[in-house]
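*Asks:* Pasting in a structure now, in structure tokens, and then I'll have a few things to ask.
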Amino acid sequence: MMTELWDLRVDKIVADLKEGKRSDGRKVDEMRKVEITPEISKNAEGSARVKLGNTDVIAGVKVVLGTPYPDSPDEGSISVGVELLPLASPEFEFGPPSWDSIELSRVVDRGIRESKTIDFKDLCITEGELCYVVYIDAYAINHDGNLFDASEIAAMAALSQTKLPKVEDGAIVKGEYAKKLNLKYKPILNTFAKIGNVIVADPTLSEEKAMAARFSVAVMDDDNISAMQKGLGGSFTVEEIDKAIDVAVKNSKQIRKLL
Amino acid sequence: MAGKKDELVYVDSKGKRVDGRKVEDLRPIKIEVGVIPQADGSAYLEWGQNKAFASVYGPRECLPKHSASPYKAVVKFNYRMATFSVPDRKNPRPGRREYEISKVCGEALERSIFVERFPNTQIDVTVELFDSNAGSRIAGLCAASVALADAGIPMRGLVCGTGVGKAGGKIIVDLDKTEEDAPDAVDIPLAIISNTKEVVLMQLDGILSKKEWQQAMKMGIDASLKVHEIQKAALKARYENVKGDDKK
């Protein structure tokens with residue numbers, strides 16, 4: 001859409017929010033409907049499609065063999081990537097990853113990694129020699145805002161299905177699996193947008209165009225926090241972040257039931 | 001493994017293939033139109049195990065400007081595979097295979113579009129595969145043509161196609177991975193424009209006699225027209241009950 005048209009829409013969003021109204025009728029702390037479809041790809045070790053309103057993301061997991069890092073010889077590793085496919089938006093282009101997509105990948109990665117939901121020791125096969133490396137790749141299909149939460153939920157949904165391949169003589173046996181990947185927790189990422197002086201949960205694309213600042217927090221099953229990120233040029237007061245965390249804890253419980 | 005393959009009967013005495021199809025049968029195909037609200041046109045296609053999304057943005061300003069043509073719209077086609085769409089994880093960076101497929105598929109679509117009506121513009125067509133099992137480029141191309149129709153871009157006809165080739169000495173339509181791995185396998189990705197039947201994409205690898213090729217082309221075109229029927233039905237299903245401009 002042309003910049004001028006976005007400006008008009010943004011004005012409307014800001015004006016409506018002053019009266020506490022969101023364009024799609026949601027309350028400020030309310031998430032959009034989440035739909036999870038498992039088993040998108042047979043070639044993946046685990047996969048899922050997540051729709052957050054009209055935002056659409058597919059994530060898949062491939063497990064390969066690697067060598068443990070010298071400083072953690074008894075641990076495997078994980079890697080999370082999020083690709084902003086030109087399928088998803090007229091603004092996305094092919095080419096080297098943009099800073100936006102790198103930030104997005106890293107926030108999703110931290111939410112999962114730092115929660116310790118995957119015990120890296122479970123991924124070790126032979127100490128110092130052989131381990132599993134779990135690659136989680138998420139792809140944006142349609143961008144209607146909040147790719148952060150959609151990608152993280154898709155990644156968790158794909159991981160919750162993931163089977164670790166059987167290994168014999170240092171190589172993967174195709175089509176055979178040793179065990180399910182064990183997930184200890186279900187961390188859920190919650191992203192908020194600050195528009196004027198209002199904080200909204202799970203912003204749509206139009207709301208993202210209007211936001212001055214963004215805040216994401218990953219919440220664990222026991223309501224502890226495993227990752228945070230404040231983004232963009234605007235700012236938050238400590239009280240605003242405090243309140244947003246309470247909303248995140250509440251909303252995460254709803255999402256976790258679906259995983 | 002090699003010994004086991006030699007023993008495989010690709011077409012048995014009753015004319016049945018490994019997965020139970022007859023020589024002229026396609027795998028099951030399912031198409032859904034308008035699956036990406038952000039896009040000007042889009043489609044989702046399942047073809048056997050292949051799963052493809054296609055989107056169209058444009059015609060829009062051609063950037064960088066030196067890539068524009070004063071005579072026609074430039075079709076910028078990109079075919080990509082997700083890292084987890086293949087048995088061994090694919091490097092996220094596109095390889096030579098993806099660039100070549102993107103080139104020939106884009107050229108096939110260009111012939112189907114009245115590109116001369118949109119000078120100085122580009123039409124971005126993106127195809128992403130999330131699962132695959134032989135024939136993914138044609139699956140992607142057929143999805144892309146439906147997405148172009150969904151975008152309302154004027155065309156000579158839909159681009160429809162199939163793989164066709166040989167396994168176990170027999171000419172067969174729409175080879176799957178098992179058949180592509182046959183010792184004597186020949187694979188011909190083929191695409192035509194539905195109403196003129198002109199060939200807009202053809203590749204071939206393997207050894208084939210001229211006579212076998214002729215038979216393959218006949219069977220391939222017949223099968224492509226079956227794909228066209230499925231494309232048409234999907235578009236009709238999307239637009240049958242739409243009046244005026246209320247597409248979104």
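Each chain in the structure tokens gets a letter, A, B, ..., in the order shown, and its residues are numbered from 1; ligands are numbered from 1 in order too.
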Distance limit 8 Å, atoms considered: only C-alpha atoms. Which chain B residues sit that close to chain A? Return them as an MDAnalysis selection string.

*Replies:* chainID B and resid 36:39 49 51 53:57 82:89 126:128 130:132

*Asks:* Do you know which residues are at most 8 Å from A:Pro73 counting only C-alpha atoms, after dropping those on the same chain fewer than 6 positions away, and could you put them as a list in words?

*Replies:* Glu127, Gly128 and Glu129 of chain A

*Asks:* Save out the residues we just selected, all heavy atoms, as a PDB file, in the first residue's frame.

*Replies:*
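As a result, part-v9.pdb now contains:
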```
ATOM      1  N   GLU A 127      29.863 -37.935  23.595  1.00  0.00           N
ATOM      2  CA  GLU A 127      30.476 -36.748  24.177  1.00  0.00           C
ATOM      3  C   GLU A 127      31.709 -36.304  23.390  1.00  0.00           C
ATOM      4  O   GLU A 127      32.582 -37.104  23.081  1.00  0.00           O
ATOM      5  CB  GLU A 127      30.833 -36.998  25.648  1.00  0.00           C
ATOM      6  CG  GLU A 127      31.198 -35.702  26.348  1.00  0.00           C
ATOM      7  CD  GLU A 127      31.331 -35.845  27.865  1.00  0.00           C
ATOM      8  OE1 GLU A 127      30.613 -36.673  28.456  1.00  0.00           O
ATOM      9  OE2 GLU A 127      32.162 -35.117  28.431  1.00  0.00           O
ATOM     10  N   GLY A 128      31.734 -35.048  23.038  1.00  0.00           N
ATOM     11  CA  GLY A 128      32.879 -34.462  22.340  1.00  0.00           C
ATOM     12  C   GLY A 128      32.955 -34.821  20.870  1.00  0.00           C
ATOM     13  O   GLY A 128      33.787 -34.304  20.132  1.00  0.00           O
ATOM     14  N   GLU A 129      32.086 -35.729  20.426  1.00  0.00           N
ATOM     15  CA  GLU A 129      32.212 -36.193  19.039  1.00  0.00           C
ATOM     16  C   GLU A 129      30.974 -35.946  18.181  1.00  0.00           C
ATOM     17  O   GLU A 129      31.065 -35.429  17.069  1.00  0.00           O
ATOM     18  CB  GLU A 129      32.538 -37.694  19.022  1.00  0.00           C
ATOM     19  CG  GLU A 129      33.986 -37.973  19.354  1.00  0.00           C
ATOM     20  CD  GLU A 129      34.265 -39.472  19.416  1.00  0.00           C
ATOM     21  OE1 GLU A 129      33.500 -40.258  18.810  1.00  0.00           O
ATOM     22  OE2 GLU A 129      35.249 -39.830  20.090  1.00  0.00           O
TER      23      GLU A 129
END
```

*Asks:* Env of A:Lys180: 7 Å cut, atoms = only C-alpha atoms, seq-sep filter 3 positions within chain, self excluded. Answer as a CSV table (one decimal) with N, CA, C and O atoms, in the first residue's frame.

*Replies:*
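Output (selection_27.csv):
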```
chain,number,residue,atom,x,y,z
A,162,THR,N,8.4,-32.9,17.1
A,162,THR,CA,9.7,-33.3,16.5
A,162,THR,C,10.2,-34.6,17.1
A,162,THR,O,10.2,-34.9,18.3
A,163,LYS,N,10.6,-35.5,16.1
A,163,LYS,CA,11.2,-36.8,16.5
A,163,LYS,C,12.7,-36.7,16.2
A,163,LYS,O,13.0,-36.2,15.1
A,164,LEU,N,13.5,-37.3,17.0
A,164,LEU,CA,14.9,-37.3,16.7
A,164,LEU,C,15.3,-38.6,15.9
A,164,LEU,O,14.9,-39.7,16.3
```

*Asks:* Restricting the calculation to only C-alpha atoms: of B:Asn120, B:Asn241, B:Asn195, B:Thr162, which residue gets closest to B:Met219?

*Replies:* B:Thr162

*Asks:* Any idea what's packed within 12 Å of B:Ala167, counting only C-alpha atoms, ignoring anything in its chain fewer than 3 positions away? Could you give it as a ChimeraX atom specification?

*Replies:* /B:5-6,8-12,17-18,23,164,170-188,206-208,212,216

*Asks:* Just list the residues in stretch 18-231 of chain A DSSP gives alpha helix (DSSP H) on the backbone, as a PyMOL selection string.

*Replies:* chain A and resi 18+99-113+147-159+205-210

*Asks:* Quick one: distance from atom CA of A:Leu183 to atom CA of A:Gly53 in Å, one decimal?

*Replies:*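 Interatomic distance here is 26.4 Å.
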
*Asks:* DSSP on the backbone: which residues in stretch 13-211 of chain A end up as strand (DSSP E)? Give the answer as a PyMOL selection string.

*Replies:* chain A and resi 34-38+46-52+55-66+77-83+124-126+130-142+163-168+171-180+188-195+198-201

*Asks:* Expressed in Å to a single decimal, how great is the separation between atom CA of A:Ala171 and atom CA of A:Asp71?

*Replies:*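 Computing it gives 23.4 Å between the two atoms.
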
*Asks:* Smallest atom-to-atom distance to A:Leu130: which of A:Gly66, A:Pro165, A:Pro203, A:Gly231, using only C-alpha atoms?

*Replies:* A:Gly66

*Asks:* Show me a table, sorted first by chain and then by increasing residue number, of the residues of stretch 144-167 of chain B having an atom at most 6 Å from stretch 94-115 of chain B, each with its shortest atom pair and the distance in Å to one decimal, counting only C-alpha atoms and written as JSON lines.

*Replies:*
```
{"residue": "B:Pro154", "atom": "CA", "partner": "B:Phe114", "partner_atom": "CA", "distance": 5.9}
{"residue": "B:Met155", "atom": "CA", "partner": "B:Ile113", "partner_atom": "CA", "distance": 4.2}
{"residue": "B:Arg156", "atom": "CA", "partner": "B:Ser112", "partner_atom": "CA", "distance": 5.2}
```

*Asks:* Could you tell me how far atom CA of A:Ile118 lies from atom CA of A:Ser79, in Å and to one decimal?

*Replies:*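 Interatomic distance here is 11.8 Å.
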
*Asks:* Any idea what's packed within 10 Å of B:Ala52, counting only C-alpha atoms, ignoring anything in its chain fewer than 6 positions away? Could you give it as a list in words?

*Replies:*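 The contact residues come out as Ile31, Ala43, Tyr44, Leu45, Glu46, Tyr79, Arg80, Met81, Val127, Glu128, Leu129, Phe130, Asp131, Ser132, Ser136, Arg137, Ala139, Gly140, Leu141, Cys142, Ala143 and Ala144 of chain B.
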
*Asks:* Could you check the closest approach to B:Leu235 for each of B:Gly20, B:Pro28, B:Gly34, B:Gly58 and tell me which residue wins, using only C-alpha atoms?

*Replies:* B:Gly34

*Asks:* Excluding same-chain residues fewer than 5 positions from A:Gly111, what lies within 7 Å of it counting only C-alpha atoms, as a PyMOL selection string?

*Replies:* chain A and resi 187+189+218+226-227

*Asks:* Under the rule that only C-alpha atoms are counted, which of B:Asn133, B:Ser145, B:Gln215, B:Ser194 is the nearest residue to B:Ala234?

*Replies:*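 Using only C-alpha atoms, the shortest distance to B:Ala234 belongs to B:Ser145.
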